[in-house]
file target.json (JSON, C-alpha atoms)
[["chain", "number", "residue", "atom", "x", "y", "z"],
["A", 899, "MET", "CA", -7.85, -35.73, -46.05],
["A", 900, "THR", "CA", -9.91, -34.74, -49.10],
["A", 901, "ASN", "CA", -9.17, -37.31, -51.85],
["A", 902, "LEU", "CA", -8.79, -40.15, -49.38],
["A", 903, "HIS", "CA", -11.48, -42.17, -51.13],
["A", 904, "GLY", "CA", -9.41, -42.08, -54.32],
["A", 905, "VAL", "CA", -6.28, -43.17, -52.52],
["A", 906, "THR", "CA", -7.83, -46.13, -50.79],
["A", 907, "LYS", "CA", -8.63, -47.72, -54.13],
["A", 908, "THR", "CA", -4.93, -48.38, -54.63],
["A", 909, "LEU", "CA", -4.58, -50.18, -51.29],
["A", 910, "GLY", "CA", -5.24, -53.86, -50.72],
["A", 911, "PRO", "CA", -7.29, -55.10, -47.78],
["A", 912, "ILE", "CA", -5.63, -54.67, -44.42],
["A", 913, "THR", "CA", -5.74, -58.00, -42.66],
["A", 914, "CYS", "CA", -3.27, -57.19, -39.87],
["A", 915, "LEU", "CA", -5.12, -55.22, -37.18],
["A", 916, "PRO", "CA", -4.31, -54.88, -33.47],
["A", 917, "ASN", "CA", -6.30, -57.26, -31.22],
["A", 918, "ALA", "CA", -7.80, -59.02, -34.24],
["A", 919, "TYR", "CA", -8.41, -62.75, -33.98],
["A", 920, "LYS", "CA", -9.33, -65.20, -36.70],
["A", 921, "THR", "CA", -10.52, -68.76, -36.54],
["A", 922, "HIS", "CA", -9.91, -71.52, -39.02],
["A", 923, "LYS", "CA", -12.40, -74.15, -40.06],
["A", 924, "ARG", "CA", -11.47, -76.28, -43.00],
["A", 925, "GLY", "CA", -8.94, -73.64, -44.10],
["A", 926, "HIS", "CA", -11.42, -70.70, -44.19],
["A", 927, "ILE", "CA", -11.87, -67.69, -41.92],
["A", 928, "VAL", "CA", -15.19, -68.15, -40.18],
["A", 929, "GLY", "CA", -15.21, -65.84, -37.18],
["A", 930, "PHE", "CA", -13.64, -63.11, -35.03],
["A", 931, "MET", "CA", -13.10, -62.46, -31.35],
["A", 932, "GLY", "CA", -16.15, -63.45, -29.36],
["A", 933, "SER", "CA", -16.95, -66.56, -31.36],
["A", 934, "SER", "CA", -17.29, -69.86, -29.51],
["A", 935, "LYS", "CA", -15.09, -71.61, -32.04],
["A", 936, "ILE", "CA", -11.40, -72.32, -31.58],
["A", 937, "HIS", "CA", -9.47, -69.04, -31.81],
["A", 938, "GLU", "CA", -6.03, -68.44, -33.11],
["A", 939, "ILE", "CA", -4.11, -65.18, -32.72],
["A", 940, "SER", "CA", -3.04, -63.97, -36.14],
["A", 941, "GLU", "CA", 0.65, -63.49, -36.61],
["A", 942, "CYS", "CA", 1.46, -59.96, -37.73],
["A", 943, "PRO", "CA", 5.14, -58.98, -37.70],
["A", 944, "ILE", "CA", 5.65, -55.46, -36.37],
["A", 945, "GLN", "CA", 7.89, -54.63, -39.32],
["A", 946, "THR", "CA", 5.04, -55.26, -41.75],
["A", 947, "THR", "CA", 2.64, -53.07, -39.77],
["A", 948, "ARG", "CA", 5.14, -50.20, -39.61],
["A", 949, "ARG", "CA", 5.93, -50.52, -43.31],
["A", 950, "ALA", "CA", 2.26, -50.48, -44.22],
["A", 951, "THR", "CA", 1.66, -47.38, -42.08],
["A", 952, "ILE", "CA", 4.53, -45.45, -43.66],
["A", 953, "GLY", "CA", 3.44, -46.51, -47.13],
["A", 954, "PHE", "CA", -0.13, -45.44, -46.43],
["A", 955, "ALA", "CA", 1.00, -42.00, -45.24],
["A", 956, "SER", "CA", 3.30, -41.49, -48.23],
["A", 957, "ILE", "CA", 0.53, -42.38, -50.67],
["A", 958, "ILE", "CA", -1.80, -39.86, -49.05],
["A", 959, "LEU", "CA", 0.78, -37.08, -49.15],
["A", 960, "THR", "CA", 2.02, -37.69, -52.67],
["A", 961, "GLY", "CA", -1.44, -38.45, -53.99],
["A", 962, "GLN", "CA", -2.79, -35.13, -52.79],
["A", 963, "PHE", "CA", 0.02, -32.92, -54.06],
["A", 964, "ASN", "CA", 1.31, -34.71, -57.14],
["A", 965, "ASP", "CA", -0.17, -32.06, -59.43],
["A", 966, "LYS", "CA", 1.84, -29.22, -57.81],
["A", 967, "VAL", "CA", 5.36, -30.43, -57.26],
["A", 968, "SER", "CA", 7.58, -27.77, -55.64],
["A", 969, "LEU", "CA", 11.17, -27.71, -56.78],
["A", 970, "ALA", "CA", 14.03, -26.43, -54.64],
["A", 971, "GLY", "CA", 15.06, -24.10, -57.44],
["A", 972, "ASP", "CA", 11.74, -22.24, -57.19],
["A", 973, "ASN", "CA", 12.33, -20.80, -53.72],
["A", 974, "GLY", "CA", 15.07, -18.33, -54.66],
["A", 975, "PHE", "CA", 17.58, -19.76, -52.19],
["A", 976, "TRP", "CA", 18.89, -22.69, -54.23],
["A", 977, "TYR", "CA", 22.09, -22.45, -56.28],
["A", 978, "ASP", "CA", 23.16, -25.14, -58.73],
["A", 979, "GLU", "CA", 26.48, -23.35, -59.13],
["A", 980, "PRO", "CA", 29.02, -22.14, -56.53],
["A", 981, "LEU", "CA", 27.77, -19.37, -54.24],
["A", 982, "PRO", "CA", 28.14, -15.90, -55.78],
["A", 983, "GLN", "CA", 31.08, -14.06, -54.28],
["A", 984, "PRO", "CA", 30.37, -10.47, -53.13],
["A", 985, "THR", "CA", 32.63, -7.73, -54.41],
["A", 986, "ALA", "CA", 33.60, -4.27, -53.17],
["A", 987, "THR", "CA", 33.72, -1.27, -55.47],
["A", 988, "ASN", "CA", 34.96, 1.40, -53.06],
["A", 989, "LYS", "CA", 38.54, 1.95, -51.93],
["A", 990, "ILE", "CA", 38.44, -0.03, -48.71],
["A", 991, "ALA", "CA", 40.84, -2.82, -49.65],
["A", 992, "ASN", "CA", 44.47, -2.95, -48.55],
["A", 993, "GLU", "CA", 46.42, -0.79, -51.02],
["A", 994, "LYS", "CA", 49.35, -3.22, -51.06],
["A", 995, "THR", "CA", 47.45, -6.49, -51.50],
["A", 996, "GLY", "CA", 44.27, -5.30, -53.21],
["A", 997, "THR", "CA", 42.14, -7.25, -50.75],
["A", 998, "ARG", "CA", 41.78, -7.85, -47.02],
["A", 999, "SER", "CA", 43.44, -10.79, -45.29],
["A", 1000, "PHE", "CA", 40.49, -11.42, -42.97],
["A", 1001, "ILE", "CA", 37.91, -11.95, -45.74],
["A", 1002, "LYS", "CA", 36.35, -15.39, -45.46],
["A", 1003, "LYS", "CA", 35.40, -16.97, -48.79],
["A", 1004, "GLY", "CA", 32.44, -19.20, -49.59],
["A", 1005, "MET", "CA", 29.93, -17.21, -47.55],
["A", 1006, "TYR", "CA", 26.47, -16.29, -48.78],
["A", 1007, "MET", "CA", 25.40, -12.72, -48.09],
["A", 1008, "ALA", "CA", 21.70, -12.07, -48.54],
["A", 1009, "ASN", "CA", 20.68, -8.70, -49.94],
["A", 1010, "ILE", "CA", 19.09, -6.99, -46.93],
["A", 1011, "GLY", "CA", 19.19, -3.48, -48.35],
["A", 1012, "VAL", "CA", 21.30, -0.49, -47.35],
["A", 1013, "LYS", "CA", 19.48, 0.13, -44.08],
["A", 1014, "GLY", "CA", 19.84, -3.54, -43.22],
["A", 1015, "SER", "CA", 23.59, -3.29, -43.84],
["A", 1016, "VAL", "CA", 23.81, -0.26, -41.55],
["A", 1017, "TYR", "CA", 22.05, -2.22, -38.81],
["A", 1018, "ARG", "CA", 24.27, -5.27, -39.32],
["A", 1019, "ILE", "CA", 27.48, -3.21, -39.13],
["A", 1020, "LYS", "CA", 26.36, -1.87, -35.77],
["A", 1021, "LYS", "CA", 25.27, -5.32, -34.58],
["A", 1022, "TYR", "CA", 28.57, -6.98, -35.55],
["A", 1023, "ALA", "CA", 30.59, -4.13, -34.06],
["A", 1024, "PHE", "CA", 28.77, -4.83, -30.79],
["A", 1025, "ASP", "CA", 29.49, -8.56, -31.15],
["A", 1026, "LEU", "CA", 33.21, -7.87, -31.55],
["A", 1027, "LEU", "CA", 33.15, -5.62, -28.49],
["A", 1028, "ALA", "CA", 31.63, -8.51, -26.56],
["A", 1029, "MET", "CA", 34.63, -10.63, -27.61],
["A", 1030, "ALA", "CA", 36.85, -8.95, -25.01],
["A", 1031, "ASP", "CA", 36.77, -11.90, -22.60],
["A", 1032, "LEU", "CA", 37.83, -14.23, -25.40],
["A", 1033, "VAL", "CA", 41.14, -12.48, -25.98],
["A", 1034, "ALA", "CA", 43.50, -14.68, -23.96],
["A", 1035, "GLU", "CA", 46.68, -16.65, -24.58],
["A", 1036, "ASP", "CA", 44.96, -20.00, -25.10],
["A", 1037, "THR", "CA", 41.98, -18.75, -27.15],
["A", 1038, "LEU", "CA", 43.60, -16.69, -29.91],
["A", 1039, "ASN", "CA", 42.59, -19.26, -32.50],
["A", 1040, "TYR", "CA", 38.94, -18.65, -31.63],
["A", 1041, "VAL", "CA", 39.53, -14.90, -31.73],
["A", 1042, "ARG", "CA", 40.82, -15.22, -35.29],
["A", 1043, "ARG", "CA", 37.88, -17.32, -36.46],
["A", 1044, "TYR", "CA", 35.26, -15.07, -34.87],
["A", 1045, "LEU", "CA", 36.97, -11.94, -36.19],
["A", 1046, "ARG", "CA", 37.03, -13.29, -39.75],
["A", 1047, "LEU", "CA", 33.34, -14.19, -39.66],
["A", 1048, "LYS", "CA", 32.12, -10.82, -38.41],
["A", 1049, "SER", "CA", 34.60, -8.62, -40.28],
["A", 1050, "THR", "CA", 33.82, -10.24, -43.65],
["A", 1051, "PHE", "CA", 30.20, -9.12, -43.39],
["A", 1052, "MET", "CA", 31.24, -5.70, -42.12],
["A", 1053, "TYR", "CA", 33.61, -5.24, -45.05],
["A", 1054, "PHE", "CA", 30.98, -5.75, -47.74],
["A", 1055, "ASP", "CA", 28.29, -3.95, -45.74],
["A", 1056, "PHE", "CA", 30.56, -0.92, -45.43],
["A", 1057, "ASP", "CA", 31.04, -0.97, -49.20],
["A", 1058, "LYS", "CA", 27.29, -1.02, -49.79],
["A", 1059, "VAL", "CA", 26.65, 1.83, -47.36],
["A", 1060, "ILE", "CA", 29.47, 3.97, -48.78],
["A", 1061, "SER", "CA", 27.98, 3.56, -52.26],
["A", 1062, "ALA", "CA", 24.55, 4.67, -51.05],
["A", 1063, "ILE", "CA", 25.35, 7.80, -49.02],
["A", 1064, "PRO", "CA", 25.78, 11.32, -50.45],
["A", 1065, "LEU", "CA", 29.08, 12.16, -52.12],
["A", 1066, "ASP", "CA", 30.10, 14.63, -49.40],
["A", 1067, "ASP", "CA", 29.97, 11.89, -46.76],
["A", 1068, "LYS", "CA", 31.69, 9.11, -48.70],
["A", 1069, "GLN", "CA", 35.28, 10.03, -47.88],
["A", 1070, "GLN", "CA", 34.71, 10.27, -44.13],
["A", 1071, "LEU", "CA", 33.07, 6.85, -44.01],
["A", 1072, "THR", "CA", 35.74, 5.38, -46.31],
["A", 1073, "ASP", "CA", 38.48, 6.62, -43.98],
["A", 1074, "MET", "CA", 36.69, 5.13, -40.97],
["A", 1075, "ALA", "CA", 36.34, 1.78, -42.73],
["A", 1076, "ASN", "CA", 40.00, 1.67, -43.78],
["A", 1077, "LYS", "CA", 41.18, 2.56, -40.29],
["A", 1078, "LEU", "CA", 39.04, -0.22, -38.81],
["A", 1079, "PHE", "CA", 40.04, -2.82, -41.40],
["A", 1080, "ASP", "CA", 43.75, -2.01, -41.08],
["A", 1081, "ASN", "CA", 43.43, -2.77, -37.40],
["A", 1082, "PHE", "CA", 41.46, -5.95, -38.09],
["A", 1083, "GLU", "CA", 44.34, -7.20, -40.21],
["A", 1084, "LYS", "CA", 46.84, -6.48, -37.46],
["A", 1085, "LEU", "CA", 44.68, -8.25, -34.90],
["A", 1086, "GLU", "CA", 44.22, -11.24, -37.19],
["A", 1087, "GLU", "CA", 47.96, -11.51, -37.80],
["A", 1088, "ALA", "CA", 48.76, -11.33, -34.08],
["A", 1089, "ALA", "CA", 46.16, -14.01, -33.36],
["A", 1090, "THR", "CA", 47.55, -16.22, -36.13],
["A", 1091, "MET", "CA", 51.11, -15.88, -34.79],
["A", 1092, "LYS", "CA", 49.90, -16.56, -31.21],
["A", 1093, "ASN", "CA", 51.37, -13.23, -30.15],
["A", 1094, "PHE", "CA", 49.20, -12.47, -27.15],
["A", 1095, "PRO", "CA", 50.73, -9.09, -26.11],
["A", 1096, "GLU", "CA", 50.35, -7.77, -29.65],
["A", 1097, "ALA", "CA", 46.84, -9.19, -29.97],
["A", 1098, "ARG", "CA", 45.77, -7.59, -26.71],
["A", 1099, "SER", "CA", 47.20, -4.22, -27.78],
["A", 1100, "CYS", "CA", 45.49, -4.40, -31.18],
["A", 1101, "TYR", "CA", 42.20, -5.35, -29.61],
["A", 1102, "GLN", "CA", 42.32, -2.41, -27.21],
["A", 1103, "ASP", "CA", 42.71, -0.09, -30.21],
["A", 1104, "THR", "CA", 39.93, -1.96, -31.99],
["A", 1105, "GLU", "CA", 37.51, -1.40, -29.12],
["A", 1106, "VAL", "CA", 37.79, 2.38, -29.52],
["A", 1107, "MET", "CA", 37.15, 2.14, -33.27],
["A", 1108, "LEU", "CA", 34.19, -0.18, -32.85],
["A", 1109, "ARG", "CA", 32.46, 2.27, -30.53],
["A", 1110, "GLU", "CA", 32.99, 5.03, -33.08],
["A", 1111, "VAL", "CA", 31.52, 2.82, -35.78],
["A", 1112, "MET", "CA", 28.44, 2.07, -33.66],
["A", 1113, "ASP", "CA", 27.83, 5.77, -33.06],
["A", 1114, "LYS", "CA", 28.18, 6.50, -36.77],
["A", 1115, "MET", "CA", 25.78, 3.73, -37.73],
["A", 1116, "ASP", "CA", 23.23, 5.10, -35.25],
["A", 1117, "LEU", "CA", 23.22, 8.40, -37.13],
["A", 1118, "LEU", "CA", 23.14, 6.81, -40.57],
["A", 1119, "TYR", "CA", 20.26, 4.52, -39.64],
["A", 1120, "LYS", "CA", 18.09, 7.55, -38.86],
["A", 1121, "THR", "CA", 18.96, 9.48, -42.02],
["A", 1122, "ILE", "CA", 19.62, 6.95, -44.77]]

call {"tool": "encode", "arguments": {"input": "target.json", "output": "structure tokens"}}
result
Amino acid sequence: MTNLHGVTKTLGPITCLPNAYKTHKRGHIVGFMGSSKIHEISECPIQTTRRATIGFASIILTGQFNDKVSLAGDNGFWYDEPLPQPTATNKIANEKTGTRSFIKKGMYMANIGVKGSVYRIKKYAFDLLAMADLVAEDTLNYVRRYLRLKSTFMYFDFDKVISAIPLDDKQQLTDMANKLFDNFEKLEEAATMKNFPEARSCYQDTEVMLREVMDKMDLLYKTI
């Protein structure tokens, strides 16, 4: 600890030490352990010792770094206002509602670049494929929650990728996204209504689409 000598000036003498003994003669301290005089064990409450230790550590830490205080707002991940809501600019929303029913609000989406979005679409498509065992009569509520979480990211990632690819490829990827998201909405509705036969049927259709999406993202990842 480099500046420790400066810190110790602010501390008073420490009279409470483990195994320390003091003797009294006419009201004055005259000796320590090993003296032939009458010994008396000093009383040192454990709370005082712990408080002194914590205070000592805090003084060292704050004394060393008080000239360079780091604020949470300096790290780029702190928002004093509500989280910014992502938006989609391509035609992948439901034409009737102007949005998608599965979109979960209040989520922060870090900017990981176009290639990062391609990778995340493939990763989340795989995660939804692994959800097959979760689709059961008594777990549809969990299916709905998991679907909303993954599909929200996929929705805005698809929008970012569509905006970045060449014009000739935009329509094909837009059609794929709309087909997938239409099915997501059907699956979400069936899960919300606790309609297990419908949910199982929708999920079986979704599995086929998710595999197609993964194959497409494999190609885009190599070329984008």

call {"tool": "closest_residue", "arguments": {"input": "target.json", "among": "A:Val1016, A:Val1111, A:Ala1023, A:Ala1008", "to": "A:Gln1070", "atoms": "only C-alpha atoms"}}
result
A:Val1111

call {"tool": "residues_around", "arguments": {"input": "target.json", "residues": "A:Asn1009", "least_positions_apart": "5", "cutoff": "12 Å", "atoms": "all atoms listed in the file", "output": "ChimeraX atom specification"}}
result
/A:975,982,984,1014-1015,1018,1051,1054-1055,1058

call {"tool": "closest_residue", "arguments": {"input": "target.json", "among": "A:Thr1090, A:Ser1099, A:Thr987, A:Thr995", "to": "A:Val1041", "atoms": "only C-alpha atoms"}}
result
A:Thr1090

call {"tool": "residues_around", "arguments": {"input": "target.json", "residues": "A:Thr1037", "least_positions_apart": "6", "cutoff": "12 Å", "atoms": "all atoms listed in the file", "output": "PyMOL selection string"}}
result
chain A and resi 1029-1031+1043-1044+1089-1090+1092-1094+1097-1098

call {"tool": "residues_around", "arguments": {"input": "target.json", "residues": "A:Leu1027", "least_positions_apart": "5", "cutoff": "12 Å", "atoms": "all atoms listed in the file", "output": "list in words"}}
result
Lys1020, Lys1021, Tyr1022, Leu1032, Val1033, Val1041, Tyr1044, Leu1045, Lys1048, Tyr1101, Gln1102, Asp1103, Thr1104, Glu1105, Val1106, Met1107, Leu1108, Arg1109, Glu1110, Val1111 and Met1112 of chain A

call {"tool": "atom_distance", "arguments": {"input": "target.json", "atom1": "atom CA of A:Ser999", "atom2": "atom CA of A:Glu1096"}}
result
17.4 Å

call {"tool": "atom_distance", "arguments": {"input": "target.json", "atom1": "atom CA of A:Phe1056", "atom2": "atom CA of A:Ala991"}}
result
11.3 Å

call {"tool": "atom_distance", "arguments": {"input": "target.json", "atom1": "atom CA of A:Leu1117", "atom2": "atom CA of A:Met1074"}}
result
14.4 Å

call {"tool": "closest_residue", "arguments": {"input": "target.json", "among": "A:Leu1078, A:Ile1010, A:Ala1034, A:Met1115", "to": "A:Ile990", "atoms": "all atoms listed in the file"}}
result
A:Leu1078

call {"tool": "closest_residue", "arguments": {"input": "target.json", "among": "A:Cys1100, A:Ala1062, A:Ala1075, A:Leu1026", "to": "A:Glu1087", "atoms": "only C-alpha atoms"}}
result
A:Cys1100

call {"tool": "closest_residue", "arguments": {"input": "target.json", "among": "A:Ile1019, A:Ala986, A:Met1052, A:Leu1065", "to": "A:Lys1114", "atoms": "only C-alpha atoms"}}
result
A:Ile1019

call {"tool": "decode", "arguments": {"input": "target.json", "residues": "stretch 1016-1041 of chain A", "atoms": "N, CA, C and O atoms", "output": "PDB file, in the first residue's frame"}}
result
ATOM      1  N   VAL A1016     -26.216 -11.965 -36.791  1.00  0.00           N
ATOM      2  CA  VAL A1016     -26.372 -13.208 -37.558  1.00  0.00           C
ATOM      3  C   VAL A1016     -26.092 -14.405 -36.657  1.00  0.00           C
ATOM      4  O   VAL A1016     -26.850 -15.395 -36.656  1.00  0.00           O
ATOM      5  N   TYR A1017     -25.019 -14.316 -35.878  1.00  0.00           N
ATOM      6  CA  TYR A1017     -24.671 -15.414 -34.973  1.00  0.00           C
ATOM      7  C   TYR A1017     -25.755 -15.616 -33.918  1.00  0.00           C
ATOM      8  O   TYR A1017     -26.105 -16.753 -33.583  1.00  0.00           O
ATOM      9  N   ARG A1018     -26.289 -14.518 -33.394  1.00  0.00           N
ATOM     10  CA  ARG A1018     -27.292 -14.637 -32.327  1.00  0.00           C
ATOM     11  C   ARG A1018     -28.612 -15.208 -32.859  1.00  0.00           C
ATOM     12  O   ARG A1018     -29.282 -15.959 -32.158  1.00  0.00           O
ATOM     13  N   ILE A1019     -28.980 -14.878 -34.085  1.00  0.00           N
ATOM     14  CA  ILE A1019     -30.185 -15.472 -34.680  1.00  0.00           C
ATOM     15  C   ILE A1019     -30.044 -16.989 -34.743  1.00  0.00           C
ATOM     16  O   ILE A1019     -30.953 -17.735 -34.364  1.00  0.00           O
ATOM     17  N   LYS A1020     -28.877 -17.432 -35.222  1.00  0.00           N
ATOM     18  CA  LYS A1020     -28.646 -18.875 -35.296  1.00  0.00           C
ATOM     19  C   LYS A1020     -28.643 -19.510 -33.906  1.00  0.00           C
ATOM     20  O   LYS A1020     -29.240 -20.579 -33.697  1.00  0.00           O
ATOM     21  N   LYS A1021     -28.000 -18.858 -32.949  1.00  0.00           N
ATOM     22  CA  LYS A1021     -27.922 -19.385 -31.584  1.00  0.00           C
ATOM     23  C   LYS A1021     -29.308 -19.491 -30.960  1.00  0.00           C
ATOM     24  O   LYS A1021     -29.651 -20.510 -30.339  1.00  0.00           O
ATOM     25  N   TYR A1022     -30.142 -18.478 -31.111  1.00  0.00           N
ATOM     26  CA  TYR A1022     -31.471 -18.495 -30.503  1.00  0.00           C
ATOM     27  C   TYR A1022     -32.420 -19.432 -31.238  1.00  0.00           C
ATOM     28  O   TYR A1022     -33.340 -19.982 -30.632  1.00  0.00           O
ATOM     29  N   ALA A1023     -32.202 -19.610 -32.539  1.00  0.00           N
ATOM     30  CA  ALA A1023     -32.983 -20.611 -33.274  1.00  0.00           C
ATOM     31  C   ALA A1023     -32.681 -21.999 -32.724  1.00  0.00           C
ATOM     32  O   ALA A1023     -33.584 -22.826 -32.545  1.00  0.00           O
ATOM     33  N   PHE A1024     -31.399 -22.251 -32.432  1.00  0.00           N
ATOM     34  CA  PHE A1024     -31.017 -23.529 -31.824  1.00  0.00           C
ATOM     35  C   PHE A1024     -31.643 -23.683 -30.440  1.00  0.00           C
ATOM     36  O   PHE A1024     -32.111 -24.764 -30.067  1.00  0.00           O
ATOM     37  N   ASP A1025     -31.652 -22.602 -29.656  1.00  0.00           N
ATOM     38  CA  ASP A1025     -32.246 -22.654 -28.318  1.00  0.00           C
ATOM     39  C   ASP A1025     -33.734 -23.001 -28.381  1.00  0.00           C
ATOM     40  O   ASP A1025     -34.239 -23.766 -27.540  1.00  0.00           O
ATOM     41  N   LEU A1026     -34.435 -22.451 -29.348  1.00  0.00           N
ATOM     42  CA  LEU A1026     -35.864 -22.739 -29.483  1.00  0.00           C
ATOM     43  C   LEU A1026     -36.093 -24.168 -29.980  1.00  0.00           C
ATOM     44  O   LEU A1026     -37.107 -24.787 -29.642  1.00  0.00           O
ATOM     45  N   LEU A1027     -35.172 -24.688 -30.758  1.00  0.00           N
ATOM     46  CA  LEU A1027     -35.271 -26.097 -31.153  1.00  0.00           C
ATOM     47  C   LEU A1027     -35.088 -27.010 -29.939  1.00  0.00           C
ATOM     48  O   LEU A1027     -35.728 -28.060 -29.840  1.00  0.00           O
ATOM     49  N   ALA A1028     -34.231 -26.592 -29.025  1.00  0.00           N
ATOM     50  CA  ALA A1028     -33.993 -27.386 -27.822  1.00  0.00           C
ATOM     51  C   ALA A1028     -35.152 -27.305 -26.832  1.00  0.00           C
ATOM     52  O   ALA A1028     -35.145 -27.994 -25.812  1.00  0.00           O
ATOM     53  N   MET A1029     -36.151 -26.465 -27.146  1.00  0.00           N
ATOM     54  CA  MET A1029     -37.309 -26.308 -26.268  1.00  0.00           C
ATOM     55  C   MET A1029     -38.348 -27.412 -26.472  1.00  0.00           C
ATOM     56  O   MET A1029     -39.387 -27.418 -25.802  1.00  0.00           O
ATOM     57  N   ALA A1030     -38.093 -28.341 -27.356  1.00  0.00           N
ATOM     58  CA  ALA A1030     -39.093 -29.346 -27.723  1.00  0.00           C
ATOM     59  C   ALA A1030     -39.637 -30.105 -26.515  1.00  0.00           C
ATOM     60  O   ALA A1030     -40.851 -30.343 -26.404  1.00  0.00           O
ATOM     61  N   ASP A1031     -38.768 -30.473 -25.589  1.00  0.00           N
ATOM     62  CA  ASP A1031     -39.204 -31.235 -24.416  1.00  0.00           C
ATOM     63  C   ASP A1031     -40.048 -30.408 -23.461  1.00  0.00           C
ATOM     64  O   ASP A1031     -40.723 -30.959 -22.580  1.00  0.00           O
ATOM     65  N   LEU A1032     -40.008 -29.095 -23.628  1.00  0.00           N
ATOM     66  CA  LEU A1032     -40.767 -28.221 -22.734  1.00  0.00           C
ATOM     67  C   LEU A1032     -42.225 -28.064 -23.171  1.00  0.00           C
ATOM     68  O   LEU A1032     -43.066 -27.636 -22.379  1.00  0.00           O
ATOM     69  N   VAL A1033     -42.503 -28.410 -24.401  1.00  0.00           N
ATOM     70  CA  VAL A1033     -43.857 -28.253 -24.925  1.00  0.00           C
ATOM     71  C   VAL A1033     -44.725 -29.396 -24.412  1.00  0.00           C
ATOM     72  O   VAL A1033     -44.754 -30.496 -24.975  1.00  0.00           O
ATOM     73  N   ALA A1034     -45.427 -29.135 -23.320  1.00  0.00           N
ATOM     74  CA  ALA A1034     -46.315 -30.117 -22.696  1.00  0.00           C
ATOM     75  C   ALA A1034     -47.512 -29.380 -22.106  1.00  0.00           C
ATOM     76  O   ALA A1034     -47.521 -28.150 -22.009  1.00  0.00           O
ATOM     77  N   GLU A1035     -48.521 -30.128 -21.704  1.00  0.00           N
ATOM     78  CA  GLU A1035     -49.766 -29.506 -21.241  1.00  0.00           C
ATOM     79  C   GLU A1035     -49.554 -28.629 -20.020  1.00  0.00           C
ATOM     80  O   GLU A1035     -50.187 -27.581 -19.889  1.00  0.00           O
ATOM     81  N   ASP A1036     -48.705 -29.024 -19.107  1.00  0.00           N
ATOM     82  CA  ASP A1036     -48.540 -28.294 -17.853  1.00  0.00           C
ATOM     83  C   ASP A1036     -47.365 -27.316 -17.871  1.00  0.00           C
ATOM     84  O   ASP A1036     -47.018 -26.749 -16.833  1.00  0.00           O
ATOM     85  N   THR A1037     -46.750 -27.096 -19.018  1.00  0.00           N
ATOM     86  CA  THR A1037     -45.593 -26.187 -19.087  1.00  0.00           C
ATOM     87  C   THR A1037     -45.744 -25.118 -20.174  1.00  0.00           C
ATOM     88  O   THR A1037     -44.763 -24.474 -20.534  1.00  0.00           O
ATOM     89  N   LEU A1038     -46.946 -24.925 -20.665  1.00  0.00           N
ATOM     90  CA  LEU A1038     -47.141 -23.965 -21.754  1.00  0.00           C
ATOM     91  C   LEU A1038     -46.841 -22.534 -21.317  1.00  0.00           C
ATOM     92  O   LEU A1038     -46.467 -21.692 -22.151  1.00  0.00           O
ATOM     93  N   ASN A1039     -47.004 -22.257 -20.051  1.00  0.00           N
ATOM     94  CA  ASN A1039     -46.680 -20.915 -19.570  1.00  0.00           C
ATOM     95  C   ASN A1039     -45.186 -20.636 -19.708  1.00  0.00           C
ATOM     96  O   ASN A1039     -44.775 -19.527 -20.058  1.00  0.00           O
ATOM     97  N   TYR A1040     -44.373 -21.649 -19.444  1.00  0.00           N
ATOM     98  CA  TYR A1040     -42.926 -21.504 -19.598  1.00  0.00           C
ATOM     99  C   TYR A1040     -42.542 -21.410 -21.085  1.00  0.00           C
ATOM    100  O   TYR A1040     -41.598 -20.698 -21.450  1.00  0.00           O
ATOM    101  N   VAL A1041     -43.258 -22.138 -21.914  1.00  0.00           N
ATOM    102  CA  VAL A1041     -43.027 -22.058 -23.356  1.00  0.00           C
ATOM    103  C   VAL A1041     -43.241 -20.622 -23.840  1.00  0.00           C
ATOM    104  O   VAL A1041     -42.442 -20.076 -24.607  1.00  0.00           O
TER     105      VAL A1041
END
